[in-house]
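Undergrad: Before we start, here is the structure in question, set down as structure tokens.
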Amino acid sequence: MGNAMHGRDRSIPTPASSSSLADTQRLYFLDWMRIGAFGVLVCFHTGLYYGPWDWHVKSAHAGTAVEPLLLLTSPWRMSLLFLISGAASGLLLGNAPDGRFLRERSTRLLVPLLFGMLVLVPPQTFCEVAEKMAYQGSYGQFMGRYLAADPGFCTDTHCLALPAWNHLWFVAYLWVYTLVLSVLVAIAGRDRLAAAGQWLGGVLTGWRAVLPPIVALALARAILHPRFGDTHALVDDWYNHAVYFSVFLVGVLVARQQRFWEEASRLRFVTLALALGGWALLVCLHAVPEASRQGDHLALATACVRSVQQWCAILTVCGFGYRHLNRDARARRYLTGAVFCVYIVHQTLIVVVATVLKPLRIPPVTEASVIIVLTFVGSFALFEAARRLAPLRPFLGIAPVRTTRADAPPDTGRRPAGVAK
């Protein structure tokens, strides 16, 4: 994602223009959407520390009060990121020579994934085993067991699989989907991919842009989630693959289809109302007492309501983004270069900062604000340090120097200068 949408025309396309976006057009709004989505992710992961759902570490103030805020973005946040990543991949794929797309994506994704699993994720896991399993060993002793894939870190319900990728599961999944996409293109050819995109752009109009995707998401939730759940373990995560790879592929196909983005813009207020209504109903369904959750009716209702919120929120963000954010700015160029690095390091900072602050017993609202501020400040400080040290750049997902200078003029070449995440 990120620096993948270049062009000379920075204005919002008009309805009279071509239904297929030209190679020379940059879709700046995708950059802004990605920046915003990762910003929301920092707040969401901080919320998990205080919420009722299981997470790596938990606040002494954890409870249900924050659950409605978690439900506001939980159903659609990662799906949106995969759709944006798919759109950026579609644009990159159309401009890259054969084989180069997969090579560049592999470098940009696998290097920070492996570095993260070996360096950035272990502090999270160390804090987790110290809190949940009362581990008393030193960090050096823990790292020896971590790197040896010790299966002995267990609670009453599960054992940790080490080495772990924690929040970096998104990077692993994105690389796998990129690999599958490359195979599909090698088999079917780029012309068929373009034809499929034109067909899908024509289908996703009016009510067909809203209802069929909702039905598909609801069926996946109702059929696959009870059996597979959310594992983020790649090999057994079939519900999430059904959702995330599907929206990733939709992004690939509609990336150049102007009529899809125009339709999302036209429907944005309708889909916003549906998304907010879905969120309100989802909050009510989650508030149903555990004793009343027997049977399949509530699960089916939850799947349907969740899917309405999920897809309509995605369309809403796409619609408002296309309508209002298709413009360049100095801040966009800087944040586009920084945001993947911020994503890679943010959760480690949240977990470590929260663990350090816990003995101080700061009131929860103040503490959460401090965690968010310190996470953003620490993330950008690491980005500023790493981007000045060329050997560190690939390990933290920072693009080559030529694509991340905040003071560089807008790109005008036809070929994307960066690799999308």
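Going by the structure tokens order, chains are called A, B, ..., each with residues numbered from 1, while ligands are numbered from 1 in the order shown.
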Would you give me, as CSV, each residue of region 312-368 of chain A having an atom within 8 Å of an atom of region 42-56 of chain A, along with its shortest atom pair and that distance in Å to one decimal, using only C-alpha atoms and sorting by chain and residue number?
TA:
```
residue,atom,partner,partner_atom,distance
A:His346,CA,A:Val42,CA,6.8
A:Gln347,CA,A:His45,CA,7.2
A:Ile350,CA,A:Thr46,CA,6.6
A:Val351,CA,A:His56,CA,7.7
A:Ala368,CA,A:Thr46,CA,6.8
```
Undergrad: Now that the selection is made, can you save its residues with all heavy atoms as a PDB file, in the first residue's frame?
TA:
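Result file part.pdb:
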```pdb
ATOM      1  N   HIS A 346       4.237  -0.573  16.915  1.00  0.00           N
ATOM      2  CA  HIS A 346       3.295   0.054  17.851  1.00  0.00           C
ATOM      3  C   HIS A 346       2.838  -0.874  18.964  1.00  0.00           C
ATOM      4  O   HIS A 346       2.738  -0.468  20.126  1.00  0.00           O
ATOM      5  CB  HIS A 346       2.078   0.599  17.096  1.00  0.00           C
ATOM      6  CG  HIS A 346       1.022  -0.426  16.817  1.00  0.00           C
ATOM      7  ND1 HIS A 346       1.101  -1.310  15.754  1.00  0.00           N
ATOM      8  CD2 HIS A 346      -0.128  -0.729  17.469  1.00  0.00           C
ATOM      9  CE1 HIS A 346       0.049  -2.093  15.763  1.00  0.00           C
ATOM     10  NE2 HIS A 346      -0.714  -1.772  16.792  1.00  0.00           N
ATOM     11  N   GLN A 347       2.561  -2.150  18.647  1.00  0.00           N
ATOM     12  CA  GLN A 347       1.992  -3.003  19.682  1.00  0.00           C
ATOM     13  C   GLN A 347       3.011  -3.337  20.770  1.00  0.00           C
ATOM     14  O   GLN A 347       2.651  -3.451  21.945  1.00  0.00           O
ATOM     15  CB  GLN A 347       1.423  -4.292  19.079  1.00  0.00           C
ATOM     16  CG  GLN A 347       0.714  -5.159  20.123  1.00  0.00           C
ATOM     17  CD  GLN A 347      -0.172  -6.206  19.519  1.00  0.00           C
ATOM     18  OE1 GLN A 347      -1.189  -5.898  18.895  1.00  0.00           O
ATOM     19  NE2 GLN A 347       0.203  -7.472  19.685  1.00  0.00           N
ATOM     20  N   ILE A 350       2.888  -0.433  23.059  1.00  0.00           N
ATOM     21  CA  ILE A 350       1.677  -0.439  23.886  1.00  0.00           C
ATOM     22  C   ILE A 350       1.827  -1.408  25.049  1.00  0.00           C
ATOM     23  O   ILE A 350       1.566  -1.068  26.219  1.00  0.00           O
ATOM     24  CB  ILE A 350       0.445  -0.808  23.043  1.00  0.00           C
ATOM     25  CG1 ILE A 350       0.108   0.308  22.059  1.00  0.00           C
ATOM     26  CG2 ILE A 350      -0.768  -1.077  23.946  1.00  0.00           C
ATOM     27  CD1 ILE A 350      -0.992  -0.049  21.068  1.00  0.00           C
ATOM     28  N   VAL A 351       2.254  -2.629  24.760  1.00  0.00           N
ATOM     29  CA  VAL A 351       2.353  -3.660  25.797  1.00  0.00           C
ATOM     30  C   VAL A 351       3.402  -3.283  26.841  1.00  0.00           C
ATOM     31  O   VAL A 351       3.161  -3.395  28.053  1.00  0.00           O
ATOM     32  CB  VAL A 351       2.681  -5.023  25.155  1.00  0.00           C
ATOM     33  CG1 VAL A 351       3.020  -6.058  26.231  1.00  0.00           C
ATOM     34  CG2 VAL A 351       1.514  -5.512  24.312  1.00  0.00           C
ATOM     35  N   ALA A 368      -4.829   5.477  29.613  1.00  0.00           N
ATOM     36  CA  ALA A 368      -4.997   5.138  28.200  1.00  0.00           C
ATOM     37  C   ALA A 368      -4.494   6.256  27.307  1.00  0.00           C
ATOM     38  O   ALA A 368      -3.846   6.004  26.275  1.00  0.00           O
ATOM     39  CB  ALA A 368      -6.469   4.849  27.906  1.00  0.00           C
TER      40      ALA A 368
END
```
Undergrad: Nearest to Leu70 (chain A) among A:Thr375, A:Val283, A:Ala222, A:Asp31, with distances taken over only C-alpha atoms: which residue is it?
TA: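 Ranking A:Thr375, A:Val283, A:Ala222, A:Asp31 by distance to Leu70 (chain A), first place goes to A:Val283.
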Undergrad: Would you give me, as number ranges by chain, the residues in region 67-289 of chain A that DSSP reads as alpha helix (DSSP H)?
TA: A: 67-73, 77-95, 100-115, 121-132, 139-147, 169-188, 190-203, 211-228, 238-254, 258-266, 268-286
Undergrad: For region 106-110 of chain A, work out the shell of residues within 8 Å, counting only C-alpha atoms and skipping chain neighbours fewer than 4 positions away, then give it as a list in words.
TA: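 Here the answer would be Leu102, Leu114, Val171, Ala172, Leu174, Trp175, Pro394, Gly397, Ala399, Val419 and Lys421 of chain A.
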Undergrad: Give me, please, the distance in Å between CA of Ala194 (chain A) and CA of Tyr239 (chain A), quoted to one decimal.
TA: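 If I compute the distance from CA of Ala194 (chain A) to CA of Tyr239 (chain A), I get 27.4 Å.
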Undergrad: So the first atom is CA of Leu285 (chain A) and the second is CA of Val210 (chain A); what is the distance between them in Å, to one decimal place?
TA: 22.3 Å
Undergrad: From the set A:Leu298, A:Val40, A:Ala209, A:Ala186, which residue has the shortest atom-to-atom contact distance to Cys284 (chain A), counting only C-alpha atoms?
TA: A:Leu298
Undergrad: Tell me which protein, DNA and RNA residues are within 9 Å of Arg323 (chain A), counting only C-alpha atoms, leaving out same-chain ones fewer than 5 positions away, and put them as a PyMOL selection string.
TA: chain A and resi 12+29+261-262+265-266+318
Undergrad: Near region 160-168 of chain A, within 6 Å and counting only C-alpha atoms, which residues show up once chain neighbours fewer than 3 positions away are dropped, as a PyMOL selection string?
TA: chain A and resi 117+146+149+153+171
Undergrad: Could you check which of A:His232, A:Arg333, A:Arg105, A:Arg293 is closest to Tyr28 (chain A), using only C-alpha atoms?
TA: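 Distance minimum relative to Tyr28 (chain A) lands on A:Arg333.
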Undergrad: With a distance cut-off of 9 Å and only C-alpha atoms, select the neighbouring residues of Leu93 (chain A), excluding the residue or stretch itself and same-chain residues fewer than 4 positions from it, and output the selection as an MDAnalysis selection string.
TA: chainID A and resid 88:89 97:98 100:102 182 190 252
Undergrad: Given the choices A:Leu41, A:Val373, A:Cys127, A:Val254, which gets closest to Trp199 (chain A) if the distance is worked out from only C-alpha atoms?
TA: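 So, comparing all the options, the nearest one is A:Val254.
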Undergrad: What is the distance between CA of Val288 (chain A) and CA of Leu276 (chain A), in Å to one decimal?
TA: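 CA of Leu276 (chain A) lies at a distance of 19.1 Å from CA of Val288 (chain A).
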Undergrad: Considering only C-alpha atoms, state which residue in the set A:Ala216, A:Leu267, A:Leu92, A:Ile398 is at the smallest distance from Cys341 (chain A).
TA: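 The shortest atom-to-atom distance to Cys341 (chain A) comes from A:Ile398.
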Undergrad: Go through A:Ala242, A:Ala255, A:Ile214, A:Thr155 and flag the residue nearest Leu200 (chain A), using only C-alpha atoms for the distances.
TA: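 The answer is A:Ala255, which sits nearest to Leu200 (chain A).
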Undergrad: Report as a PyMOL selection string all protein, DNA and RNA residues lying within 10 Å of Val305 (chain A), evaluated on only C-alpha atoms, omitting residues in the same chain fewer than 4 positions from it.
TA: chain A and resi 214+218+274-275+277-282+285+299-301+309-310
